[in-house]
Amino acid sequence: MDKKPVTRKDIAELCEVSISVVSRALNNSGYVEESKRKRIIATAEKLGYVPQPVAMSLQEQNNFYITVKI
């Protein structure tokens, strides 16, 4: 049976912080208390968190359009 991938939501629940705090800590962007940042990163490593490229592209809202002239 396949194991469900660890999400930022899972890390947020374990660390008792919001998903946005987890995102800022993992992306090293925005302010996060140093003690929280360390706890979040340690939890992510312990759980084997791996960023999902598709989810990240959706979050970043990278949209590519191809136009065709007829």
# chains A, B, ... in the order shown; residues from 1 in each chain; ligands from 1
>>> residues_around(residues="Arg24 (chain A)", least_positions_apart="3", cutoff="12 Å", atoms="only C-alpha atoms", output="number ranges by chain")
A: 8, 12, 17-21, 27-34, 36-37, 40-41
>>> residues_around(residues="region 44-46 of chain A", least_positions_apart="4", cutoff="10 Å", atoms="only C-alpha atoms", output="list in words")
Val6, Thr7, Arg8, Asp10, Ile11, Ala12, Leu14, Cys15, Val22, Leu26, Lys38, Arg39, Ile40 and Val50 of chain A
